[in-house]
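Colleague: I have a structure here, written as structure tokens, and I will follow up with some questions on it.
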Amino acid sequence: MKERIHSIDIVRGLIMIIMTLDHCRDFLHFPGPSPLNMQTTTVILFFTRWITHFCAPTFVFLSGTSAFLAGQTRSKKELSLFLLKRGAWLILSDMLIITFLFTFDPLYHVVVLEVLAAIGFGMILLALLIHAPLRVIAVIGLIIMFGHNLLDYVLLPQNGLSGCLSTLFVSARGSIIPLGGNRMVVELYAALPWAGVMLLGYVFGTLYKTGFNGERRRRILILSGTSLIILFIVLRLVNHYGDPSAWSVQRNAAHTLLSYLNTTKQPPSLLYLSMTLGPVLILLSLAEQFNSRLDSFCRVYGNVPYFYFIIHLCFIRTINIALIFLSGLPMKFVGYPLVWQAAGFGYSLWVVYLFWFFVVAALYFPCKRYGNYKRTHGQWWLSYL
């Protein structure tokens, strides 16, 4: 039976449950202005979106950690080949599966590169660096994380091949790469900044090596997380470096706080990553002491991250389509939206929360059964699902 690290599965499972809320909002909430628009948002709507900011950094970081742990039973050559294949599979999953679930367009006029593609690109880069000393990988990851916001002060190419490469690897923020013939790629996750997060996750994987002192690991996680939180607070107050969007005083104290917390996800700024990864590192330390039913519940989802990611999106989209039919709304396509929705469809936010509880609960036993199967079987394809 394959052994797993429970603290990692607890944190990853909790984050995946939170992620489900965001996707329920995408598919089931009334369409409207961005929840992060300070002029129109409410506190509850903002935090419904903001809490999900912790998802992508955690997934990417822990994917790096898992890559290191996978290397404990493989040679460097075997790990490099595995990461190349796994990375390519995740990119393909985004292009074919996630794109269809989001756009609901079987002709693929729009191809979406989202978080799975970002993890895939990170794995491919890590596969190329796997033979380098660990310190080199750490330095590259730190330079990317702490230095890529210097590009905020540089005019990057916008057109032609250089513009496409710049968008794909550095500056993507819902950017469109035209392919011709009324087709396009929507790049949501710039490859290089997210790859930096994965490289650092790989380095932190050394803390989970067999025989590593648990107390020392917990101290390192807490110190690292606390340092990132302090860095976020200080740099955000200075309001000059680390995020292209400065915060500002709003119409009331609550919205001023929202503005302060409203850091840039696409591409992930230093302050965004500090704000999210800091608490996650502390939670990873604390989770080693957790032992409750809630922890066991979260672990079920954390055991099968790719499986849950795919089936929860399929399930939510199925609910979405069923409710559209029941409401009698026409299934019309207007343009090629990133997340297709029937005109006039949507529910209040409190109803979205009810659907969130339902989706998570309904998928508990499928995830538990698949997790048990995966731990007790060794077929090669299980490494990809």
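In the structure tokens, the first chain shown is A, the next is B, and so on; residue numbers restart at 1 for each chain, and ligands run from 1 in the order shown.
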Find the spatial neighbours of A:Thr226, counting only C-alpha atoms, within a cut-off of 8 Å - ignore same-chain residues fewer than 6 positions away - and output them as a PyMOL selection string.

Modeller: chain A and resi 278-279+282

Colleague: Please tabulate, as CSV, the residues of stretch 57-86 of chain A that come within 12 Å of stretch 254-276 of chain A, each with its closest pair of atoms and the distance in Å to one decimal, counting only C-alpha atoms and ordering rows by chain, then residue number upward.

Modeller:
residue,atom,partner,partner_atom,distance
A:Pro57,CA,A:Leu273,CA,6.9
A:Thr58,CA,A:Thr276,CA,8.0
A:Phe59,CA,A:Thr276,CA,11.5
A:Val60,CA,A:Leu273,CA,11.2
A:Phe61,CA,A:Leu273,CA,10.4

Colleague: Those residues you just picked out, can you put them in a file as a tab-separated table (two decimals), in the first residue's frame with N, CA, C and O atoms?

Modeller:
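File part12.tsv, as written:
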chain	number	residue	atom	x	y	z
A	57	PRO	N	-2.06	28.86	-6.04
A	57	PRO	CA	-0.70	28.78	-5.48
A	57	PRO	C	-0.46	27.49	-4.70
A	57	PRO	O	0.63	26.91	-4.78
A	58	THR	N	-1.48	27.04	-3.96
A	58	THR	CA	-1.33	25.79	-3.19
A	58	THR	C	-1.18	24.59	-4.11
A	58	THR	O	-0.32	23.73	-3.90
A	59	PHE	N	-2.02	24.51	-5.15
A	59	PHE	CA	-1.93	23.40	-6.09
A	59	PHE	C	-0.55	23.33	-6.73
A	59	PHE	O	0.07	22.27	-6.82
A	60	VAL	N	-0.08	24.49	-7.22
A	60	VAL	CA	1.19	24.51	-7.94
A	60	VAL	C	2.34	24.20	-7.00
A	60	VAL	O	3.23	23.41	-7.32
A	61	PHE	N	2.34	24.82	-5.81
A	61	PHE	CA	3.41	24.59	-4.83
A	61	PHE	C	3.46	23.13	-4.41
A	61	PHE	O	4.53	22.50	-4.41

Colleague: Identify, with DSSP run on backbone atoms, the residues in stretch 16-188 of chain A assigned to helix (DSSP H, G or I), and express the list as a ChimeraX atom specification.

Modeller: /A:16-28,43-73,76-103,115-129,134-153,160-171

Colleague: Counting only C-alpha atoms, what is within 9 Å of stretch 283-288 of chain A, bar same-chain residues fewer than 6 positions away, as a CSV table (one decimal) with all heavy atoms, in the first residue's frame?

Modeller:
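And here's out03.csv as it stands now:
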chain,number,residue,atom,x,y,z
A,6,HIS,N,-0.1,12.9,5.4
A,6,HIS,CA,-1.4,13.3,5.7
A,6,HIS,C,-1.6,14.8,5.8
A,6,HIS,O,-2.6,15.4,5.3
A,6,HIS,CB,-1.9,12.7,7.1
A,6,HIS,CG,-2.0,11.2,7.0
A,6,HIS,ND1,-2.5,10.6,5.9
A,6,HIS,CD2,-1.9,10.3,8.0
A,6,HIS,CE1,-2.5,9.3,6.1
A,6,HIS,NE2,-2.2,9.1,7.4
A,7,SER,N,-0.6,15.5,6.3
A,7,SER,CA,-0.7,17.0,6.4
A,7,SER,C,-0.8,17.6,5.0
A,7,SER,O,-1.6,18.6,4.8
A,7,SER,CB,0.5,17.6,7.1
A,7,SER,OG,1.7,17.3,6.4
A,8,ILE,N,-0.1,17.1,4.0
A,8,ILE,CA,-0.2,17.6,2.6
A,8,ILE,C,-1.6,17.4,2.1
A,8,ILE,O,-2.2,18.2,1.5
A,8,ILE,CB,0.9,17.0,1.7
A,8,ILE,CG1,2.2,17.6,2.2
A,8,ILE,CG2,0.6,17.3,0.3
A,8,ILE,CD1,3.4,17.0,1.4
A,10,ILE,N,-4.4,16.9,3.8
A,10,ILE,CA,-5.4,17.7,4.5
A,10,ILE,C,-5.4,19.1,3.9
A,10,ILE,O,-6.5,19.6,3.6
A,10,ILE,CB,-5.0,17.8,6.0
A,10,ILE,CG1,-5.3,16.4,6.7
A,10,ILE,CG2,-5.9,18.9,6.7
A,10,ILE,CD1,-4.7,16.4,8.1
A,11,VAL,N,-4.3,19.7,3.7
A,11,VAL,CA,-4.3,21.1,3.2
A,11,VAL,C,-4.8,21.1,1.8
A,11,VAL,O,-5.6,22.0,1.4
A,11,VAL,CB,-2.8,21.7,3.3
A,11,VAL,CG1,-2.8,23.0,2.6
A,11,VAL,CG2,-2.4,21.8,4.8
A,214,GLY,N,10.8,16.1,12.4
A,214,GLY,CA,9.5,16.7,12.2
A,214,GLY,C,9.4,18.1,12.9
A,214,GLY,O,8.8,19.0,12.3
A,217,ARG,N,11.1,20.6,10.7
A,217,ARG,CA,10.3,20.9,9.5
A,217,ARG,C,9.2,21.9,9.9
A,217,ARG,O,8.9,22.9,9.1
A,217,ARG,CB,9.7,19.6,9.0
A,217,ARG,CG,8.7,19.8,7.8
A,217,ARG,CD,8.1,18.5,7.2
A,217,ARG,NE,7.5,17.7,8.2
A,217,ARG,CZ,7.9,16.6,8.7
A,217,ARG,NH1,9.1,16.1,8.2
A,217,ARG,NH2,7.2,15.9,9.6
A,218,ARG,N,8.5,21.7,11.0
A,218,ARG,CA,7.4,22.5,11.4
A,218,ARG,C,7.9,24.0,11.7
A,218,ARG,O,7.3,24.9,11.3
A,218,ARG,CB,6.7,22.0,12.6
A,218,ARG,CG,5.9,20.7,12.3
A,218,ARG,CD,5.0,20.3,13.4
A,218,ARG,NE,5.8,19.7,14.5
A,218,ARG,CZ,6.1,18.4,14.6
A,218,ARG,NH1,5.8,17.6,13.6
A,218,ARG,NH2,6.8,17.9,15.6
A,219,ARG,N,9.1,24.1,12.3
A,219,ARG,CA,9.7,25.4,12.5
A,219,ARG,C,10.0,26.1,11.2
A,219,ARG,O,9.8,27.3,11.1
A,219,ARG,CB,11.0,25.3,13.4
A,219,ARG,CG,10.7,24.9,14.8
A,219,ARG,CD,11.9,25.3,15.7
A,219,ARG,NE,13.1,24.7,15.2
A,219,ARG,CZ,13.6,23.5,15.6
A,219,ARG,NH1,12.9,22.8,16.5
A,219,ARG,NH2,14.7,23.0,15.1
A,220,ILE,N,10.6,25.4,10.3
A,220,ILE,CA,10.9,26.0,9.0
A,220,ILE,C,9.7,26.5,8.3
A,220,ILE,O,9.6,27.6,7.7
A,220,ILE,CB,11.7,25.0,8.1
A,220,ILE,CG1,13.1,24.7,8.7
A,220,ILE,CG2,11.9,25.5,6.7
A,220,ILE,CD1,13.9,23.6,8.0
A,221,LEU,N,8.6,25.7,8.3
A,221,LEU,CA,7.4,26.0,7.6
A,221,LEU,C,6.7,27.3,8.3
A,221,LEU,O,6.3,28.2,7.6
A,221,LEU,CB,6.4,24.9,7.7
A,221,LEU,CG,6.7,23.7,6.8
A,221,LEU,CD1,5.8,22.5,7.1
A,221,LEU,CD2,6.6,24.0,5.3
A,222,ILE,N,6.7,27.3,9.6
A,222,ILE,CA,6.1,28.5,10.3
A,222,ILE,C,7.0,29.7,10.0
A,222,ILE,O,6.4,30.8,9.8
A,222,ILE,CB,6.0,28.2,11.8
A,222,ILE,CG1,4.9,27.1,12.0
A,222,ILE,CG2,5.7,29.5,12.6
A,222,ILE,CD1,4.7,26.8,13.5
A,225,GLY,N,6.4,30.8,6.4
A,225,GLY,CA,5.1,31.4,6.2
A,225,GLY,C,5.0,32.7,6.9
A,225,GLY,O,4.4,33.7,6.3
A,295,ASP,N,-10.5,16.8,9.4
A,295,ASP,CA,-9.2,16.5,8.7
A,295,ASP,C,-9.3,15.3,7.9
A,295,ASP,O,-8.8,15.3,6.7
A,295,ASP,CB,-8.1,16.3,9.8
A,295,ASP,CG,-8.0,17.4,10.8
A,295,ASP,OD1,-8.3,18.5,10.4
A,295,ASP,OD2,-7.7,17.1,12.0

Colleague: Record the distance separating atom CA of A:Ala362 and atom CA of A:Phe315, expressed in Å with one decimal.

Modeller: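 Straight-line distance from atom CA of A:Ala362 to atom CA of A:Phe315 works out to 9.4 Å.
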
Colleague: Residues of stretch 182-277 of chain A within 12 Å of stretch 125-143 of chain A: nearest atom pair and distance (Å, one decimal) for each, counting only C-alpha atoms, sorted by chain and number, as a Markdown table?

Modeller:
| residue | atom | partner | partner_atom | distance |
| --- | --- | --- | --- | --- |
| A:Ala191 | CA | A:Leu125 | CA | 9.6 |
| A:Leu192 | CA | A:Leu125 | CA | 9.0 |
| A:Pro193 | CA | A:Gly141 | CA | 8.8 |
| A:Trp194 | CA | A:Gly141 | CA | 9.6 |
| A:Ala195 | CA | A:Leu125 | CA | 7.2 |
| A:Gly196 | CA | A:Gly141 | CA | 4.3 |
| A:Val197 | CA | A:Gly141 | CA | 6.6 |
| A:Met198 | CA | A:Gly141 | CA | 7.8 |
| A:Leu199 | CA | A:Gly141 | CA | 5.3 |
| A:Leu200 | CA | A:Gly141 | CA | 5.4 |
| A:Gly201 | CA | A:Gly141 | CA | 9.0 |
| A:Tyr202 | CA | A:Ile137 | CA | 8.5 |
| A:Val203 | CA | A:Ala138 | CA | 6.1 |
| A:Phe204 | CA | A:Ala138 | CA | 9.1 |
| A:Gly205 | CA | A:Leu134 | CA | 10.7 |
| A:Thr206 | CA | A:Leu134 | CA | 9.4 |
| A:Leu270 | CA | A:Leu142 | CA | 10.4 |
| A:Leu273 | CA | A:Leu142 | CA | 11.8 |

Colleague: Would you mind telling me which residue in A:Arg317, A:His109, A:Arg4, A:Lys374 lies nearest to A:Tyr208 when using only C-alpha atoms?

Modeller: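 So, comparing all the options, the nearest one is A:Arg4.
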
Colleague: May I ask which of the residues A:Cys314, A:Val304, A:Ile324, A:Ala361 is the closest one to A:Arg375, counting only C-alpha atoms?

Modeller: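 Checking each candidate against A:Arg375, we get A:Val304 as the closest.
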
Colleague: Write out as a list in words the residues lying within 12 Å of A:Arg299, counting only C-alpha atoms and excluding same-chain residues fewer than 6 positions away.

Modeller: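 Here the answer would be Arg4, Ile5, His6, Ser7, Ile8, Asp9, Ile10, Val11, Arg12, Gly13, Leu14, Ile15, Met16, Ile17, Ala287, Phe290, Asn291, Ser292, Arg293, Pro305, Tyr308, Tyr364, Cys367, Lys368, Gly371 and Asn372 of chain A.
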
Colleague: Convert the current residue selection to file output with C-alpha atoms, as a CSV table (one decimal), in the first residue's frame.

Modeller:
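The file below, result26.csv, is the result:
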chain,number,residue,atom,x,y,z
A,4,ARG,CA,0.9,9.4,1.9
A,5,ILE,CA,1.8,12.5,3.9
A,6,HIS,CA,-1.4,13.3,5.7
A,7,SER,CA,-0.7,17.0,6.4
A,8,ILE,CA,-0.2,17.6,2.6
A,9,ASP,CA,-3.4,15.8,1.8
A,10,ILE,CA,-5.4,17.7,4.5
A,11,VAL,CA,-4.3,21.1,3.2
A,12,ARG,CA,-4.7,20.2,-0.4
A,13,GLY,CA,-8.1,18.7,0.3
A,14,LEU,CA,-9.3,21.8,2.1
A,15,ILE,CA,-8.1,24.0,-0.7
A,16,MET,CA,-9.9,21.9,-3.3
A,17,ILE,CA,-13.2,22.2,-1.3
A,287,ALA,CA,-1.9,20.2,10.0
A,290,PHE,CA,-4.6,17.8,13.3
A,291,ASN,CA,-6.6,14.7,14.1
A,292,SER,CA,-10.3,15.2,13.7
A,293,ARG,CA,-13.2,14.1,11.5
A,305,PRO,CA,-6.5,15.9,-6.7
A,308,TYR,CA,-11.6,15.4,-8.1
A,364,TYR,CA,-17.2,12.3,-1.1
A,367,CYS,CA,-13.3,10.2,-4.2
A,368,LYS,CA,-12.9,7.9,-1.2
A,371,GLY,CA,-8.4,7.0,-3.4
A,372,ASN,CA,-8.5,3.6,-1.7

Colleague: Skipping near chain neighbours, those fewer than 2 positions away, what residues fall within 8 Å of A:Val339 using only C-alpha atoms, listed as a ChimeraX atom specification?

Modeller: /A:26-27,102-104,337,341

Colleague: Excluding A:Ile124 and any residue of its chain fewer than 3 positions from it, enumerate the residues within 9 Å of it, using only C-alpha atoms, and give them as a PDB file with N, CA, C and O atoms, in the first residue's frame.

Modeller:
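File out.pdb, as written:
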ATOM      1  N   SER A  80      12.586  12.703 -14.483  1.00  0.00           N
ATOM      2  CA  SER A  80      12.516  13.682 -15.565  1.00  0.00           C
ATOM      3  C   SER A  80      11.537  13.242 -16.642  1.00  0.00           C
ATOM      4  O   SER A  80      10.701  14.037 -17.105  1.00  0.00           O
ATOM      5  N   LEU A  83       7.936  13.526 -15.327  1.00  0.00           N
ATOM      6  CA  LEU A  83       7.458  14.908 -15.277  1.00  0.00           C
ATOM      7  C   LEU A  83       7.142  15.437 -16.670  1.00  0.00           C
ATOM      8  O   LEU A  83       6.175  16.194 -16.847  1.00  0.00           O
ATOM      9  N   LEU A  84       7.950  15.061 -17.655  1.00  0.00           N
ATOM     10  CA  LEU A  84       7.671  15.484 -19.032  1.00  0.00           C
ATOM     11  C   LEU A  84       6.331  14.938 -19.500  1.00  0.00           C
ATOM     12  O   LEU A  84       5.507  15.667 -20.077  1.00  0.00           O
ATOM     13  N   LYS A  85       6.083  13.656 -19.262  1.00  0.00           N
ATOM     14  CA  LYS A  85       4.827  13.039 -19.702  1.00  0.00           C
ATOM     15  C   LYS A  85       3.644  13.566 -18.899  1.00  0.00           C
ATOM     16  O   LYS A  85       2.579  13.857 -19.471  1.00  0.00           O
ATOM     17  N   ARG A  86       3.826  13.684 -17.602  1.00  0.00           N
ATOM     18  CA  ARG A  86       2.754  14.190 -16.747  1.00  0.00           C
ATOM     19  C   ARG A  86       2.421  15.641 -17.108  1.00  0.00           C
ATOM     20  O   ARG A  86       1.254  16.020 -17.188  1.00  0.00           O
ATOM     21  N   GLY A  87       3.464  16.454 -17.351  1.00  0.00           N
ATOM     22  CA  GLY A  87       3.235  17.846 -17.722  1.00  0.00           C
ATOM     23  C   GLY A  87       2.481  17.973 -19.032  1.00  0.00           C
ATOM     24  O   GLY A  87       1.539  18.764 -19.160  1.00  0.00           O
ATOM     25  N   ALA A  88       2.876  17.161 -20.021  1.00  0.00           N
ATOM     26  CA  ALA A  88       2.191  17.192 -21.315  1.00  0.00           C
ATOM     27  C   ALA A  88       0.731  16.761 -21.166  1.00  0.00           C
ATOM     28  O   ALA A  88      -0.170  17.332 -21.794  1.00  0.00           O
ATOM     29  N   ILE A 119       0.547  24.082 -14.225  1.00  0.00           N
ATOM     30  CA  ILE A 119       1.256  23.005 -13.533  1.00  0.00           C
ATOM     31  C   ILE A 119       2.033  22.165 -14.539  1.00  0.00           C
ATOM     32  O   ILE A 119       3.178  21.758 -14.291  1.00  0.00           O
ATOM     33  N   GLY A 120       1.427  21.915 -15.692  1.00  0.00           N
ATOM     34  CA  GLY A 120       2.102  21.133 -16.720  1.00  0.00           C
ATOM     35  C   GLY A 120       3.381  21.798 -17.208  1.00  0.00           C
ATOM     36  O   GLY A 120       4.430  21.150 -17.330  1.00  0.00           O
ATOM     37  N   PHE A 121       3.318  23.110 -17.497  1.00  0.00           N
ATOM     38  CA  PHE A 121       4.515  23.837 -17.918  1.00  0.00           C
ATOM     39  C   PHE A 121       5.579  23.799 -16.823  1.00  0.00           C
ATOM     40  O   PHE A 121       6.770  23.652 -17.093  1.00  0.00           O
ATOM     41  N   ALA A 127      11.459  19.181 -15.113  1.00  0.00           N
ATOM     42  CA  ALA A 127      12.092  18.009 -15.727  1.00  0.00           C
ATOM     43  C   ALA A 127      13.422  18.377 -16.368  1.00  0.00           C
ATOM     44  O   ALA A 127      14.378  17.593 -16.351  1.00  0.00           O
ATOM     45  N   LEU A 128      13.498  19.596 -16.931  1.00  0.00           N
ATOM     46  CA  LEU A 128      14.732  20.048 -17.569  1.00  0.00           C
ATOM     47  C   LEU A 128      15.790  20.449 -16.551  1.00  0.00           C
ATOM     48  O   LEU A 128      16.987  20.435 -16.866  1.00  0.00           O
ATOM     49  N   LEU A 129      15.350  20.808 -15.334  1.00  0.00           N
ATOM     50  CA  LEU A 129      16.286  21.266 -14.307  1.00  0.00           C
ATOM     51  C   LEU A 129      16.620  20.189 -13.282  1.00  0.00           C
ATOM     52  O   LEU A 129      17.404  20.443 -12.366  1.00  0.00           O
TER      53      LEU A 129
END

Colleague: Which polymer residues have any atom within 12 Å of an atom of A:Gly328, counting only C-alpha atoms, with same-chain residues fewer than 5 positions away left out, as an MDAnalysis selection string?

Modeller: chainID A and resid 321:323 342:345

Colleague: With N, CA, C and O atoms retained, could you export that selection as a tab-separated table (two decimals), in the first residue's frame?

Modeller:
chain	number	residue	atom	x	y	z
A	321	ILE	N	-26.40	22.58	-16.81
A	321	ILE	CA	-27.18	22.29	-18.01
A	321	ILE	C	-28.57	21.79	-17.64
A	321	ILE	O	-29.58	22.17	-18.26
A	322	ALA	N	-28.67	20.93	-16.62
A	322	ALA	CA	-29.97	20.40	-16.20
A	322	ALA	C	-30.88	21.52	-15.73
A	322	ALA	O	-32.08	21.56	-16.07
A	323	LEU	N	-30.33	22.47	-14.97
A	323	LEU	CA	-31.15	23.58	-14.47
A	323	LEU	C	-31.57	24.51	-15.60
A	323	LEU	O	-32.67	25.10	-15.55
A	342	ALA	N	-26.18	30.30	-20.24
A	342	ALA	CA	-27.41	30.66	-20.92
A	342	ALA	C	-27.87	32.04	-20.47
A	342	ALA	O	-27.83	32.37	-19.28
A	343	ALA	N	-28.31	32.85	-21.43
A	343	ALA	CA	-28.77	34.20	-21.11
A	343	ALA	C	-29.95	34.13	-20.14
A	343	ALA	O	-30.90	33.39	-20.34
A	344	GLY	N	-29.86	34.89	-19.05
A	344	GLY	CA	-30.93	34.95	-18.07
A	344	GLY	C	-30.83	33.92	-16.97
A	344	GLY	O	-31.67	33.90	-16.06
A	345	PHE	N	-29.82	33.06	-17.04
A	345	PHE	CA	-29.68	32.01	-16.02
A	345	PHE	C	-28.80	32.49	-14.88
A	345	PHE	O	-27.85	33.23	-15.07

Colleague: For the strand (DSSP E or B) assignment from backbone DSSP, which residues of stretch 135-377 of chain A qualify? Please present them as a ChimeraX atom specification.

Modeller: /A:175-180,183-187,347

Colleague: Enter the distance from atom CA of A:Thr42 to atom CA of A:Val359, in Å, rounded to one decimal.

Modeller: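 Rounded to one decimal, the two atoms are 24.8 Å apart.
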
Colleague: Find the residue from A:Asn149, A:Ser175, A:Thr210, A:Asn182 that sits nearest to A:His240; use only C-alpha atoms when measuring.

Modeller: A:Asn149

Colleague: One number please: atom CA of A:Leu354 to atom CA of A:Lys332, in Å, one decimal.

Modeller: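 Going from atom CA of A:Leu354 over to atom CA of A:Lys332, I get 26.8 Å.
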
Colleague: Using only C-alpha atoms, pick whichever of A:Ser383, A:Thr48, A:Ala246, A:Gly211 has the shortest atom-to-atom distance to A:Leu90.

Modeller: A:Ser383
